[in-house]
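Structure first, then comments.
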Amino acid sequence: MSNVELSITPRTQALILRYEHDRPVIEDAARQTLTREGLDGYRDVACAVLHPDDKEFRVRSLRGEEWAGAFLENEQFASALISKEKELGLDHLPVHIFGFAPLELMLHLASCLPRRRLRVYQQSESNEWSLGFDRTLAAAPEDFLVVEGLPKAKQGGSGVVALVVEVTHAIGDQALEAFRKKHGANLLAEVRVRPVRGPGPASIQSPSEVSRAVEQLRGVLGDLHERLGGATSVLLAMGCSASFAAALGTAVNVNTQLPLWLHHYDGGSRQYIPVQEMKAGRAAPLTAKLTPEQLSDATKVLAEVRKVHQELVAWMSESAQQWLVDALDGKKFLRSVVEDVPSMTPIQLYRHVGGKWGFEVGMLLGLKALRERVGTEDWKECIRLFMVHEVFHVNQGGLTSYTFSGSGRTGFVLEAADFDADAIAVEAMLAWRKSKQARTVEDDGETRTMESIVWNAMESLRVFEPEKPVRTLSERRLRRYLIWLFQVCRLNALVLVDEGGPAPKLERATVEIAGLKMSPDLFETYAQQRLGLLDVDPGEELITGIYFQRKLVRDRDGHWVKRVLEALSRWDEKSREDAQEDMKRLFEEFFNRHRELIQSR
């Protein structure tokens, strides 16, 4: 993903935004357009590029779930702009959008820029840019759109609603047929919106008509929410210009409307594919509510992270650690650096091609809380575990690409990849302790030492949870916790029979709890299930399954499941020592029922 460079100064009066998913936007042509529109196109007008043109990569070539990174870029830009304005004492700069991008991304981008003057330009067949939409422009008095299929009164039932907007060309028959085929009887209503004069390339005759269309579409979205209370989402398909799609984005308010599923027409497959669900529940940009104290704390934590990184690089550069460099294919890591300042927007943790580590403010504040919980030395080990884990991911084939955000869809595959990355990180830290703390490892024994390292890894996992305290978890995240709780509590049990030999090899385990009640995950941009850790009914049939060392274990104790998930939810309410002790006792009960799980080292 690209980070937008915002060359804004206290004198800046406006911002030109070139949005180049499909092809380049010529800066001088954009500036000349502003001048032709009677605005100052040069003096104190900054220019930024969001997603610079890349002929080797086109978002249109991706699967629907892989578009998530492009939508995240829009949110990153909006967050960065807010932060920069706040830093310079500016108040909502006017933004002029010149875009070559899919309609769905244009809509979403505009929705990320509320409460500011927004002008969107459209290029004609003769390559001339002209104003397509101006948020501040008065709406035409006459209706621009005809709305068909909107329920006239409240109606019951649960399901989804189809909304087809056809302005520059008719798409209704094809889009509605696609929605019927996929959703069948689950389709509560089919709403079709088109210009009064009919769809066509010349259907829009003035920007004021677009302003009127925005008012009407906002009303349609509000009516759908009011009249179809059982609807879970609106399925949106559009046949319009890019500027009209952006205008529609200003009518979207996910907090007062039904969730909106954006669908893109893929010309190759001739199908409408879902690419993004816009809904309430996504976290607001941290930078909009960041205090100077938080930024100062984050900066201090980043400096400490940089020191840990330098120490790890120096240690791995020693010949004794060549095995680890080879296992990680870690030569680039040895040349990597940590960014000097905290990122104000979500970013990739490790950009291995450029050799850069970036830490977002929210994560740094999470790391600050982690240090307060575990102490300085264990905290440093947590950072080292993070880094080795991420570097190994690159060697696996990479969870660091543009499409990384869709990796969670293949949950069991991701668990296998994460387990190997975690295991090599734990092995590396055992080697670190042998190198740096040989006497302590000898006194405690390798098994106890490895147990201590895995507990640090467990504490680290919680930094990435989107809410605190952790009351809900995605299904795939829960499985990762259960896998490592099983591993670390098994190590604790094996300590009793440890005869001073090497630590047992960490072998992959599959752990799952069947029968838990799930609901859609509000924190993900793709279909994923989430459960409430405190909402478990032990009266339901709950089965814990563990497959380990070619043995399959099934356990039907629902009360045990309830207690484990409650202990996981209330982890931060207790000291780490008490939290660990509670979990050890729970797994001792489990191992007493299934002793075959701890008989082999």
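Scheme for the structure tokens: letters A, B, ... for chains in order shown; per-chain residue numbers from 1; ligand numbers from 1 in order shown.
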Nearby residues (only C-alpha atoms) at most 6 Å from segment 201-215 of chain A, same-chain spacing under 4 positions excluded, as a ChimeraX atom specification: /A:132-133,139-140,144,168,248,251
Could you list, as an NGL selection string, every residue within 10 Å of segment 436-448 of chain A, counting only C-alpha atoms and ignoring same-chain residues fewer than 4 positions away? :A and (315 or 430-432 or 452-454 or 488 or 491-505)
What's around Met429 of chain A at 10 Å? Count only C-alpha atoms, leave out sequence neighbours fewer than 3 positions away in its own chain, and write the answer as a CSV table (one decimal) with C-alpha atoms, in the first residue's frame.
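Written file, around_7.csv:
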chain,number,residue,atom,x,y,z
A,381,GLU,CA,11.3,-10.3,24.1
A,382,CYS,CA,7.8,-9.7,22.9
A,384,ARG,CA,11.8,-9.7,19.2
A,385,LEU,CA,9.0,-12.4,18.8
A,388,VAL,CA,11.1,-12.8,13.8
A,423,ALA,CA,7.3,-21.6,16.4
A,424,ILE,CA,10.5,-20.3,14.7
A,425,ALA,CA,10.2,-17.1,16.8
A,426,VAL,CA,10.0,-19.1,20.0
A,432,TRP,CA,18.7,-15.8,22.5
A,433,ARG,CA,18.3,-16.7,26.2
A,434,LYS,CA,20.9,-19.5,25.9
A,435,SER,CA,23.2,-16.9,24.4
A,449,THR,CA,12.3,-21.4,29.7
A,450,MET,CA,10.3,-22.2,26.6
A,453,ILE,CA,8.7,-17.5,26.2
A,454,VAL,CA,5.4,-18.8,24.9
Could you state the separation of atom CA of Val305 of chain A and atom CA of Ser336 of chain A in Å, given to one decimal place?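 Interatomic distance here is 13.2 Å.
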Non-local contacts of Phe590 of chain A (12 Å; only C-alpha atoms; under 2 positions in same chain excluded) as number ranges by chain: A: 485-486, 489-490, 493, 544-546, 553-561, 563-564, 583-588, 592-598
Which residues in segment 459-545 of chain A does DSSP call alpha helix (DSSP H)? List them as a PyMOL selection string. chain A and resi 459-461+475-495
Got a sec: who's within 7 Å of Arg117 of chain A, counting only C-alpha atoms, leaving out chain neighbours fewer than 6 positions off, as a PyMOL selection string? chain A and resi 94-95+135-136
Within 12 Å of Asp173 of chain A, counting only C-alpha atoms, which residues qualify if same-chain residues fewer than 2 places away don't, as a list in words?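 Near neighbours after the sequence-gap exclusion: Ala162, Leu163, Val164, Val165, Glu166, His169, Ala170, Ile171, Ala175, Leu176, Glu177, Ala178, Phe179, Arg180, Glu190, Val191, Arg192, Ala237 and Gly239 of chain A.
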